[in-house]
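Right, one structure below, let's go through it.
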Amino acid sequence: MLDIRLIREEPERVREAMVALNATAPIDEIIALDERRRELVNQVEQMKARRNEGSKLVSKASDKEERDRLIADMRTLGDEISTLDEQVRDVESELNALMLTVPNLPLPHVPVGPDESGNVVTQTTGQPRSADFPLLPHWDIAERLGIIDFERGVKVSGSRFYVLRGDGARLQRALITWMLDLHTQKHGYQEVYPPYLVLEQSLYGTGNLPKFGETLFRDIEEDKWLIPTAEVPVTNLYRDEILDEAMLPIYHTAYTACFRREQISAGKDVRGIKRGYQFDKVEMVKFVHPDRSEEEHQRLIGEAEDVLIGLELPFRRLQICTGDLSFTAANKVDLEVWAPGTEEWLEVSSCSNFVDFQARRANIRFRPTEGGRPHYLHTLNGSGMALPRTMIAIMENYQREDGTFAIPQVLQPYLGGQTEIGIQPPIGPARA
RNA sequence: GGAGAGGUGGCCGAGUGGUUGAAGGCGGCUGUCUUGAAAACAGUUAGGCGAAAGCCUCGCAGGUUCGAAUCCUGUCCUCUCCGCCA
């Protein structure tokens with residue numbers, strides 16, 4: 001959420017930003033409602049002041065007639081107040097509803113562009129893999145080895161679900177553990193394990209609602225929504241709190257499953273595990289002092305890159321332009337890993353600086369050490385990493401001519417020293 | 001799921017419908033005293049809107065009233081006991 005004062009005082013700046021974002025926002029309506037609200041509030045507050053005084057007089061009035069007259073006056077005044085109060089409530093809720101639909105403003109140095117075509121590759125790390133045998137897409141590799149069971153996933157849960165089997169499941173588990181260890185031990189994050197179901201209010205806090213409800217799964221009987229990312233429960237950890245400045249910065253990393261109702265676009269990304277309704281992700285979330293968010297953003301990107309560097313995967317850094325910025329982000333950098341089998345760059349991480357946008361929505365503040373009013377802090381987050389796409393990248397980059405693939409060195413200790421993944425034993429009677 | 005109890009400031013804890021935005025205590029901060037500390041004493045210590053006057057906030061939402069932390073209704077949450085359960 002933006003500061004209403006910004007819209008009130010610098011509407012042109014906000015309008016220009018909306019153009020750059022390729023977004024529309026009801027700025028004029030907001031300004032009109034804000035003005036109306038302030039008029040009404042002013043009026044009703046003066047009346048309330050009179051009522052408070054009048055009520056005090058009632059308790060002091062010794063003369064019966066005087067007292068009755070006062071009570072009658074106050075009754076009339078009270079009715080008028082109720083009417084106005086109702087109007088204030090209506091205007092406020094309308095204003096608030098509109099405020100929640102205004103996207104965040106981009107930081108000044110974010111490149112202006114109309115859509116994803118304006119994104120800028122700012123850095124490429126590692127060499128794309130070449131081989132003297134045809135490099136296969138991961139679904140071929142995985143199916144041959146028996147580490148992903150696509151058919152049974154669909155049978156059990158419908159399209160866009162799959163089942164990891166044997167070493168496939170183990171590899172993902174090793175990745176999760178290694179990533180969490182990296183962030184906690186090397187980057188200073190505290191691990192949290194949050195709920196996967198959240199209240200509607202939490203989704204407003206991170207900005208997923210009200211605009212993106214159609215991409216979420218929810219329980220139909222209760223106010224419980226499945227998280228689309230760990231960002232939601234982790235950011236809301238400190239909702240409605242005033243932290244001490246000395247507590248900042250707070251770094252949290254969390255592994256969760258994520259649930260997204262993806263728009264079914266026929267024939268796009270239907271094969272493999274690139275896009276499903278459920279996927280796992282390790283997420284990093286930062287709560288920082290407003291003066292430090294840009295610096296923390298750069299560090300966050302570096303911390304995400306550490307994962308790909310550790311896995312020795314070729315990747316590039318993509319600066320997102322204004323037109324492709326997500327609703328809540330003031331600045332965003334994606335990391336894309338090269339998948340030589342499908343020959344595409346896969347978005348495996350998205351590192352965003354939300355500045356105070358989420359903090360306002362979720363009401364997360366800190367009290368300065370030197371005292372004074374609390375301020376909104378800044379939030380950031382980045383994936384570190386999305387697991388299915390990381391798995392794709394490993395399978396496709398580490399594949400060998402015989403159809404097996406090697407295990408990245410850093411993961412080997414997490415798999416009992418195993419160095420490669422081969423054909424899984426056939427489904428059969430359990431062996432001890 | 002059934003029965004009962006309760007939700008007040010950073011914490012504990014008062015609160016007869018009318019100077020209670022809220023006693024008292026603890027904790028925090030600032031002074032006095034002290035070489036320093038402790039103790040003692042004094043003061044101070046919530047958030048929001050507003051330029052200010054002022055208004056609002058005692059889980060939340062309604063209602064009664066001239067006036068509600070206090071009365072009524074609903075709701076959420078916590079605790080205890082029973083049941084169920086990984």
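Naming works like this for the structure tokens: A, B, ... for the chains as they're shown, residue 1 at the start of each chain, ligands 1 onward in shown order.
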Next on the checklist: I'd like the contact shell of range 42-57 of chain B - 9 Å cut-off, only C-alpha atoms (C1' of nucleotides), skipping same-chain residues fewer than 5 positions apart - returned as a ChimeraX atom specification.
Outcome noted: /A:41-42,44-46,48-49 /B:9,21,28-32
Item to check | Residues of chain B within 6 Å of chain A, only C-alpha atoms (C1' of nucleotides) counted, as a list in words | outcome: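 For chain B, the answer reads G18, C55, C66 and G67 of chain B.
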Those selected residues, please, written with N, CA, C and O atoms (P, O5', C5', C4', C3', O3' and C1' of nucleotides) and delivered as a JSON list (two decimals), in the first residue's frame.
```json
[["chain", "number", "residue", "atom", "x", "y", "z"],
["B", 18, "G", "P", -19.79, 5.42, 36.46],
["B", 18, "G", "O5'", -19.78, 6.58, 35.37],
["B", 18, "G", "C5'", -18.58, 6.88, 34.68],
["B", 18, "G", "C4'", -18.61, 8.36, 34.23],
["B", 18, "G", "C3'", -18.27, 9.31, 35.36],
["B", 18, "G", "O3'", -17.10, 10.04, 34.99],
["B", 18, "G", "C1'", -20.31, 9.91, 34.27],
["B", 55, "C", "P", -12.23, 15.50, 22.34],
["B", 55, "C", "O5'", -12.27, 14.54, 21.07],
["B", 55, "C", "C5'", -13.34, 14.63, 20.13],
["B", 55, "C", "C4'", -13.10, 13.65, 19.01],
["B", 55, "C", "C3'", -12.90, 12.20, 19.45],
["B", 55, "C", "O3'", -14.13, 11.55, 19.69],
["B", 55, "C", "C1'", -11.22, 12.79, 17.90],
["B", 66, "C", "P", -30.77, 8.63, 25.42],
["B", 66, "C", "O5'", -29.43, 9.48, 25.34],
["B", 66, "C", "C5'", -29.34, 10.55, 24.41],
["B", 66, "C", "C4'", -28.12, 11.37, 24.74],
["B", 66, "C", "C3'", -26.85, 10.57, 25.03],
["B", 66, "C", "O3'", -26.19, 10.22, 23.84],
["B", 66, "C", "C1'", -27.15, 12.16, 26.73],
["B", 67, "G", "P", -25.64, 8.72, 23.68],
["B", 67, "G", "O5'", -24.47, 8.67, 24.75],
["B", 67, "G", "C5'", -23.29, 9.46, 24.56],
["B", 67, "G", "C4'", -22.41, 9.39, 25.76],
["B", 67, "G", "C3'", -21.99, 7.99, 26.19],
["B", 67, "G", "O3'", -20.92, 7.51, 25.41],
["B", 67, "G", "C1'", -22.68, 9.22, 28.07]]
```
Checklist entry - Among range 208-422 of chain A, which ones does DSSP place in helix (DSSP H, G or I), written as an MDAnalysis selection string? => result chainID A and resid 213:215 231:238 245:247 290:310 322:324 357:362 387:397 409:415
Checklist entry - DSSP on the backbone: what in range 334-416 of chain A comes out strand (DSSP E or B), as JSON, numbers by chain? => result {"A": [334, 335, 336, 337, 338, 339, 344, 345, 346, 347, 348, 349, 350, 351, 352, 353, 364, 365, 366, 367, 375, 376, 378, 379, 380, 381, 382, 383, 384, 385, 386, 399, 405, 406]}
Checklist entry - Of the residues A:Gly153, A:Pro103, A:Gly382, A:Pro134, which is the one nearest to Glu231 in chain A, using only C-alpha atoms? => result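 Checking each of A:Gly153, A:Pro103, A:Gly382, A:Pro134 against Glu231 in chain A, counting only C-alpha atoms, the winner is A:Gly382.
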Item to check | For G17 in chain B: contacts at 9 Å, only C-alpha atoms (C1' of nucleotides), fewer than 2 positions along chain excluded, given as a list in words | outcome: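 Residues near the query, excluding close chain neighbours: U65, G67, A68, U70 and C71 of chain B.
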Next on the checklist: Using Å and a single decimal, report how far CA of Arg144 in chain A sits from CA of Gly403 in chain A.
Outcome noted: 7.5 Å
Show me a table, sorted first by chain and then by increasing residue number, of the residues of range 8-66 of chain B having an atom at most 12 Å from range 76-84 of chain B, each with its shortest atom pair and the distance in Å to one decimal, counting only C-alpha atoms (C1' of nucleotides) and written as a Markdown table.
```
| residue | atom | partner | partner_atom | distance |
| --- | --- | --- | --- | --- |
| B:G59 | C1' | B:C77 | C1' | 7.4 |
| B:C60 | C1' | B:C76 | C1' | 6.8 |
| B:A61 | C1' | B:C76 | C1' | 10.2 |
```
Mind dumping the selected residues with all heavy atoms as a tab-separated table (two decimals), in the first residue's frame?
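Below you can see selection_19.tsv, which holds the result:
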```tsv
chain	number	residue	atom	x	y	z
B	59	G	P	-11.09	-5.83	25.59
B	59	G	OP1	-12.51	-5.58	25.40
B	59	G	OP2	-10.60	-6.51	26.79
B	59	G	O5'	-10.53	-6.60	24.31
B	59	G	C5'	-9.15	-6.49	23.97
B	59	G	C4'	-8.92	-7.19	22.66
B	59	G	O4'	-9.17	-8.60	22.83
B	59	G	C3'	-9.87	-6.77	21.54
B	59	G	O3'	-9.38	-5.63	20.86
B	59	G	C2'	-9.89	-8.00	20.65
B	59	G	O2'	-8.75	-8.06	19.83
B	59	G	C1'	-9.80	-9.13	21.68
B	59	G	N9	-11.12	-9.64	22.06
B	59	G	C8	-11.67	-9.67	23.31
B	59	G	N7	-12.85	-10.21	23.34
B	59	G	C5	-13.09	-10.57	22.03
B	59	G	C6	-14.22	-11.20	21.44
B	59	G	O6	-15.26	-11.60	21.98
B	59	G	N1	-14.06	-11.39	20.08
B	59	G	C2	-12.96	-11.00	19.37
B	59	G	N2	-12.98	-11.24	18.07
B	59	G	N3	-11.90	-10.40	19.90
B	59	G	C4	-12.03	-10.23	21.23
B	60	C	P	-10.37	-4.58	20.26
B	60	C	OP1	-9.55	-3.52	19.62
B	60	C	OP2	-11.36	-4.22	21.29
B	60	C	O5'	-11.11	-5.40	19.12
B	60	C	C5'	-10.46	-5.73	17.90
B	60	C	C4'	-11.41	-6.46	17.00
B	60	C	O4'	-11.82	-7.71	17.63
B	60	C	C3'	-12.74	-5.74	16.76
B	60	C	O3'	-12.63	-4.76	15.75
B	60	C	C2'	-13.64	-6.90	16.34
B	60	C	O2'	-13.40	-7.30	15.01
B	60	C	C1'	-13.17	-8.00	17.29
B	60	C	N1	-13.96	-8.06	18.52
B	60	C	C2	-15.22	-8.69	18.46
B	60	C	O2	-15.59	-9.17	17.37
B	60	C	N3	-15.98	-8.78	19.57
B	60	C	C4	-15.54	-8.25	20.72
B	60	C	N4	-16.33	-8.36	21.78
B	60	C	C5	-14.27	-7.59	20.81
B	60	C	C6	-13.52	-7.51	19.69
B	61	A	P	-13.62	-3.51	15.77
B	61	A	OP1	-13.17	-2.62	14.68
B	61	A	OP2	-13.73	-3.00	17.15
B	61	A	O5'	-15.01	-4.16	15.36
B	61	A	C5'	-15.16	-4.78	14.10
B	61	A	C4'	-16.56	-5.32	13.94
B	61	A	O4'	-16.75	-6.45	14.84
B	61	A	C3'	-17.66	-4.36	14.35
B	61	A	O3'	-17.94	-3.42	13.34
B	61	A	C2'	-18.82	-5.31	14.62
B	61	A	O2'	-19.40	-5.76	13.41
B	61	A	C1'	-18.10	-6.48	15.29
B	61	A	N9	-18.12	-6.38	16.75
B	61	A	C8	-17.16	-5.86	17.59
B	61	A	N7	-17.47	-5.93	18.86
B	61	A	C5	-18.73	-6.52	18.86
B	61	A	C6	-19.61	-6.87	19.89
B	61	A	N6	-19.35	-6.66	21.19
B	61	A	N1	-20.79	-7.44	19.55
B	61	A	C2	-21.04	-7.65	18.25
B	61	A	N3	-20.30	-7.38	17.19
B	61	A	C4	-19.14	-6.81	17.57
```
Checklist entry - Within 9 Å of range 304-308 of chain A, counting only C-alpha atoms (C1' of nucleotides), which residues qualify if same-chain residues fewer than 3 places away don't, as a PyMOL selection string? => result chain A and resi 179+182-183+284+299-301+311-315+317+335+337+349-351+382-385+390
